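To start, the structure under review is shown below, and the notes come after it.
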Amino acid sequence: MTRARSRFGPLAAVASKAPAFDIDQLLDDPSTGIIVCCGSGGVGKTTTSAALALRAAERGREVVVLTIDPARRLAQSMGIEELDNTPRPVTGIDPGAGGSLDAMMLDMKRTFDEVVESQASPQKAKQILENPFYIALSSSFAGTQEYMAMEKLGQIHQDAQSTGDYDLIIVDTPPSRSALDFLDAPERLSSFLDGRFIRLLLAPARGPARMMTAGVGLITNALTKVLGAQVLRDMQTFVQAFDTLFGGFRQRAQKTFELLQADGTAFLVIAAPEPDALREAAYFVERLSEDRMPLAGLVVNRASPAPIGDLSADEAMAASARLRKQAPTAVAGGLLRLHADRTRLVEREAQLRDRFAAAHPTVPTAVVPALAGDVHDLAGLRRVGELLAEG
Ligand SMILES: Nc1ncnc2c1ncn2[C@@H]1O[C@H](COP(=O)(O)OP(=O)(O)OP(=O)(O)O)[C@@H](O)[C@H]1O
Ligand SMILES: [Mg+2]
């Protein structure tokens with residue numbers, strides 16, 4: 001995978017020092033069981049997950065892709081605009097190599113509900129599911145989406161183990177600001193659900209803790225004023241009902257975390273060719289190694305395509321200046337300038353990638369150029385898949 005490869009074609013001019021990322025080798029390797037696409041907001045996680053899934057399926061793997069909030073048109077073209085929380089076959093793929101593709105879009109609330117139902121007695125589950133505090137938490141709490149993405153991955157993996165339906169699971173991650181949220185949020189949410197904080201606030205003053213809870217009582221009073229007595233009561237009922245479930249929740253999250261550390265898992269970090277995104281990607285790469293999670297490589301998405309021809313930026317600028325003197329109205333002068341700007345942008349992006357490669361010299365990198373329009377159908381995904389494989 002870290003084999004260096006000479007580059008030809010349109011990206012030849014911007015080859016960087018990073019080892020090439022052999023995507024097809026990763027997809028074809030039968031020991032690759034899970035691929036997780038991470039990255040900061042809007043860099044192309046959903047597009048890359050879907051493109052990899054389609055490519056793997058058309059190369060013969062039995063794939064399921066779990067997407068999170070795909071753009072409407074993309075969801076439509078994959079037949080997953082309906083939220084039913086189960087994978088459905090994608091039509092229109094080439095089954096020639098014997099593979100298959102199922103896809104689904106995460107329904108965060110439904111996933112949460114299902115976990116509650118599987119962990120509690122029907123009566124208790126009902127009590128929790130109807131609790132207004134639970135409803136707010138399961139539909140909007142920051143971190144719930146990350147937690148539920150992991151939960152769903154755990155479920156799909158377990159089902160796949162027993163039915164043998166899939167041999168590759170590709171997971172998109174939520175549109176968090178930071179890629180790290182995917183790893184951090186479940187822990188944050190579980191310590192919240194753990195209820196230590198809430199319990200402290202709601203604890204009646206008794207025994208030796210009275211001195212401490214006297215202060216807490218003041219806070220509770222203040223909270224009652226701010227939130228209202230009903231909300232506080234809802235929280236209290238929720239915490240009481242959830243208390244016995246908590247162990248189960250934590251255990252499941254722990255199992256999924258272990259799954260992410262397993263050998264068959266491969267993380268892909270997606271980044272835009274911009275300083276912030278690449279810095280973020282670098283943090284993420286370091287974090288994966290701290291958490292002993294296997295990184296497969298970096299995808300620099302939406303790179304500026306290299307202009308055609310081998311005229312350098314300086315040459316183009318000089319020619320443009322000369323032309324401007326001789327023929328101030330000539331269109332060619334403007335075009336030369338444009339060529340120079342484009343070339344500089346491409347060089348700048350290559351420098352950014354080199355900086356990343358210098359800090360992380362072993363991370364294989366693929367560069368996907370920006371396509372002219374959005375990627376919203378199977379043909380677009382296929383094209384992104386090809387570009388990913390070309391590196
Ligand atoms: N290589 C590309 N060329 C052109 N358009 C692209 C490319 N990659 C992604 N896009 C477009 O960029 C937009 C954002 O991509 P995408 O939804 O995959 O990002 P994301 O990382 O999943 O975003 P979010 O963090 O919001 O979930 C989409 O409209 C997609 O079609
Ligand atoms: Mg997305």
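Residues are named by chain letter and number: chains run A, B, ... in the order of the structure tokens, numbers start at 1 in each chain, and ligands are numbered from 1 in the order shown.
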Using only C-alpha atoms and all ligand atoms, find each residue with an atom at most 9 Å away from ligand 1 and format the answer as an MDAnalysis selection string. chainID A and resid 37:50 67:71 74 172:177 270:271 301:303 368:376 380 384 387
Helix (DSSP H, G or I) call set, DSSP backbone run, stretch 41-180 of chain A, as a ChimeraX atom specification: /A:45-58,72-78,95-97,108-119,122-129,132-140,144-163
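Taking atom CA of A:Gly385 as the reference point, atom CA of A:Ile169 is found at 16.3 Å.
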Residue with the minimum atom-to-atom distance to A:Gly143, picked from A:Asp354, A:Glu187, A:Asp291, A:Asp113 with only C-alpha atoms counted, is A:Glu187
List the neighbours of A:Phe284 out to 10 Å using only C-alpha atoms; skip same-chain residues closer than 2 positions along the sequence, and give me the result as an MDAnalysis selection string. chainID A and resid 38:40 178:181 183 269 278:282 286:290 295
Take the residues just selected and output them with N, CA and C atoms as a CSV table (one decimal), in the first residue's frame.
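The resulting selection-v8.csv:
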chain,number,residue,atom,x,y,z
A,38,CYS,N,-13.5,9.7,7.5
A,38,CYS,CA,-13.6,10.8,8.4
A,38,CYS,C,-13.1,12.1,7.8
A,39,GLY,N,-13.4,13.2,8.5
A,39,GLY,CA,-12.8,14.4,8.0
A,39,GLY,C,-13.7,15.6,8.5
A,40,SER,N,-13.2,16.8,8.4
A,40,SER,CA,-14.0,17.9,8.9
A,40,SER,C,-15.2,18.2,7.9
A,178,SER,N,-15.3,19.1,13.5
A,178,SER,CA,-14.0,18.5,13.5
A,178,SER,C,-14.1,17.0,13.4
A,179,ALA,N,-13.2,16.4,12.7
A,179,ALA,CA,-13.2,15.0,12.5
A,179,ALA,C,-13.0,14.2,13.8
A,180,LEU,N,-12.4,14.9,14.7
A,180,LEU,CA,-12.2,14.3,16.0
A,180,LEU,C,-13.5,14.0,16.8
A,181,ASP,N,-14.5,14.8,16.5
A,181,ASP,CA,-15.8,14.6,17.1
A,181,ASP,C,-16.3,13.2,17.0
A,183,LEU,N,-14.8,10.5,17.2
A,183,LEU,CA,-14.2,9.7,18.3
A,183,LEU,C,-14.5,10.2,19.7
A,269,VAL,N,-8.9,9.4,5.9
A,269,VAL,CA,-9.1,10.8,6.3
A,269,VAL,C,-9.3,11.6,5.1
A,278,LEU,N,-6.1,20.5,6.2
A,278,LEU,CA,-5.0,19.6,6.3
A,278,LEU,C,-4.4,19.5,7.7
A,279,ARG,N,-4.5,20.7,8.4
A,279,ARG,CA,-4.0,20.7,9.8
A,279,ARG,C,-4.9,19.8,10.6
A,280,GLU,N,-6.2,19.9,10.4
A,280,GLU,CA,-7.2,19.1,11.1
A,280,GLU,C,-6.9,17.6,10.8
A,281,ALA,N,-6.6,17.3,9.5
A,281,ALA,CA,-6.3,15.9,9.1
A,281,ALA,C,-5.1,15.4,9.9
A,282,ALA,N,-4.1,16.3,10.0
A,282,ALA,CA,-2.9,15.9,10.7
A,282,ALA,C,-3.2,15.5,12.2
A,286,GLU,N,-2.8,11.8,14.0
A,286,GLU,CA,-2.1,11.6,15.3
A,286,GLU,C,-3.0,10.9,16.3
A,287,ARG,N,-4.3,11.4,16.3
A,287,ARG,CA,-5.2,10.8,17.3
A,287,ARG,C,-5.5,9.3,17.0
A,288,LEU,N,-5.6,9.0,15.7
A,288,LEU,CA,-5.8,7.6,15.4
A,288,LEU,C,-4.7,6.7,15.9
A,289,SER,N,-3.5,7.2,15.8
A,289,SER,CA,-2.4,6.4,16.2
A,289,SER,C,-2.4,6.3,17.7
A,290,GLU,N,-2.7,7.4,18.4
A,290,GLU,CA,-2.9,7.3,19.9
A,290,GLU,C,-3.9,6.3,20.3
A,295,LEU,N,-5.0,3.5,10.3
A,295,LEU,CA,-5.2,4.5,9.2
A,295,LEU,C,-4.8,3.9,7.9
With only C-alpha atoms as the counted atoms, please give the residues lying no more than 9 Å from A:Glu390, apart from itself and same-chain residues fewer than 3 positions off, as a PyMOL selection string. chain A and resi 7+21-23+366-368+385-387
Those same residues - all heavy atoms - I'd like them written as a CSV table (one decimal), in the first residue's frame.
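Ended up saving to selection.csv:
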chain,number,residue,atom,x,y,z
A,7,ARG,N,3.6,8.7,-11.5
A,7,ARG,CA,2.3,9.3,-11.9
A,7,ARG,C,2.4,9.8,-13.3
A,7,ARG,O,3.3,10.4,-13.8
A,7,ARG,CB,1.9,10.5,-11.0
A,7,ARG,CG,1.5,10.1,-9.7
A,7,ARG,CD,1.4,11.3,-8.9
A,7,ARG,NE,1.5,11.1,-7.5
A,7,ARG,CZ,0.5,11.0,-6.7
A,7,ARG,NH1,-0.7,11.1,-7.2
A,7,ARG,NH2,0.6,10.7,-5.4
A,21,PHE,N,-1.6,6.2,-2.7
A,21,PHE,CA,-2.6,5.4,-1.9
A,21,PHE,C,-3.2,4.4,-2.9
A,21,PHE,O,-3.9,4.9,-3.8
A,21,PHE,CB,-3.6,6.4,-1.4
A,21,PHE,CG,-4.6,5.8,-0.4
A,21,PHE,CD1,-5.5,6.6,0.2
A,21,PHE,CD2,-4.6,4.4,-0.1
A,21,PHE,CE1,-6.4,6.1,1.1
A,21,PHE,CE2,-5.5,3.9,0.8
A,21,PHE,CZ,-6.4,4.7,1.4
A,22,ASP,N,-2.9,3.1,-2.8
A,22,ASP,CA,-3.5,2.2,-3.7
A,22,ASP,C,-4.9,1.8,-3.2
A,22,ASP,O,-5.1,0.8,-2.4
A,22,ASP,CB,-2.6,0.9,-3.8
A,22,ASP,CG,-2.9,0.1,-4.9
A,22,ASP,OD1,-4.1,0.1,-5.4
A,22,ASP,OD2,-2.1,-0.7,-5.4
A,23,ILE,N,-5.9,2.5,-3.6
A,23,ILE,CA,-7.3,2.3,-3.2
A,23,ILE,C,-7.8,0.9,-3.6
A,23,ILE,O,-8.4,0.2,-2.8
A,23,ILE,CB,-8.2,3.4,-3.8
A,23,ILE,CG1,-7.8,4.8,-3.3
A,23,ILE,CG2,-9.7,3.1,-3.5
A,23,ILE,CD1,-8.4,5.2,-2.0
A,366,ALA,N,-4.1,10.0,-1.7
A,366,ALA,CA,-4.7,10.1,-3.0
A,366,ALA,C,-5.2,11.5,-3.2
A,366,ALA,O,-5.7,12.1,-2.3
A,366,ALA,CB,-5.9,9.1,-3.1
A,367,VAL,N,-5.2,12.0,-4.5
A,367,VAL,CA,-5.6,13.3,-4.7
A,367,VAL,C,-6.8,13.2,-5.8
A,367,VAL,O,-6.6,12.6,-6.8
A,367,VAL,CB,-4.5,14.2,-5.3
A,367,VAL,CG1,-5.0,15.6,-5.6
A,367,VAL,CG2,-3.3,14.2,-4.4
A,368,VAL,N,-7.9,13.7,-5.4
A,368,VAL,CA,-9.1,13.7,-6.3
A,368,VAL,C,-9.4,15.1,-6.7
A,368,VAL,O,-9.7,16.0,-5.9
A,368,VAL,CB,-10.3,13.1,-5.6
A,368,VAL,CG1,-11.6,13.2,-6.5
A,368,VAL,CG2,-10.1,11.7,-5.1
A,385,GLY,N,-14.8,7.4,-7.9
A,385,GLY,CA,-14.1,6.1,-7.6
A,385,GLY,C,-12.9,5.9,-8.5
A,385,GLY,O,-11.8,5.5,-8.0
A,386,GLU,N,-13.0,6.2,-9.8
A,386,GLU,CA,-11.9,6.0,-10.7
A,386,GLU,C,-10.8,7.0,-10.4
A,386,GLU,O,-9.6,6.6,-10.3
A,386,GLU,CB,-12.3,6.4,-12.2
A,386,GLU,CG,-13.1,5.3,-12.9
A,386,GLU,CD,-13.9,5.8,-14.1
A,386,GLU,OE1,-13.6,7.0,-14.5
A,386,GLU,OE2,-14.7,5.1,-14.6
A,387,LEU,N,-11.2,8.2,-10.1
A,387,LEU,CA,-10.1,9.2,-9.7
A,387,LEU,C,-9.4,8.9,-8.4
A,387,LEU,O,-8.2,9.0,-8.3
A,387,LEU,CB,-10.8,10.6,-9.6
A,387,LEU,CG,-11.3,11.2,-10.9
A,387,LEU,CD1,-12.2,12.4,-10.7
A,387,LEU,CD2,-10.1,11.7,-11.8
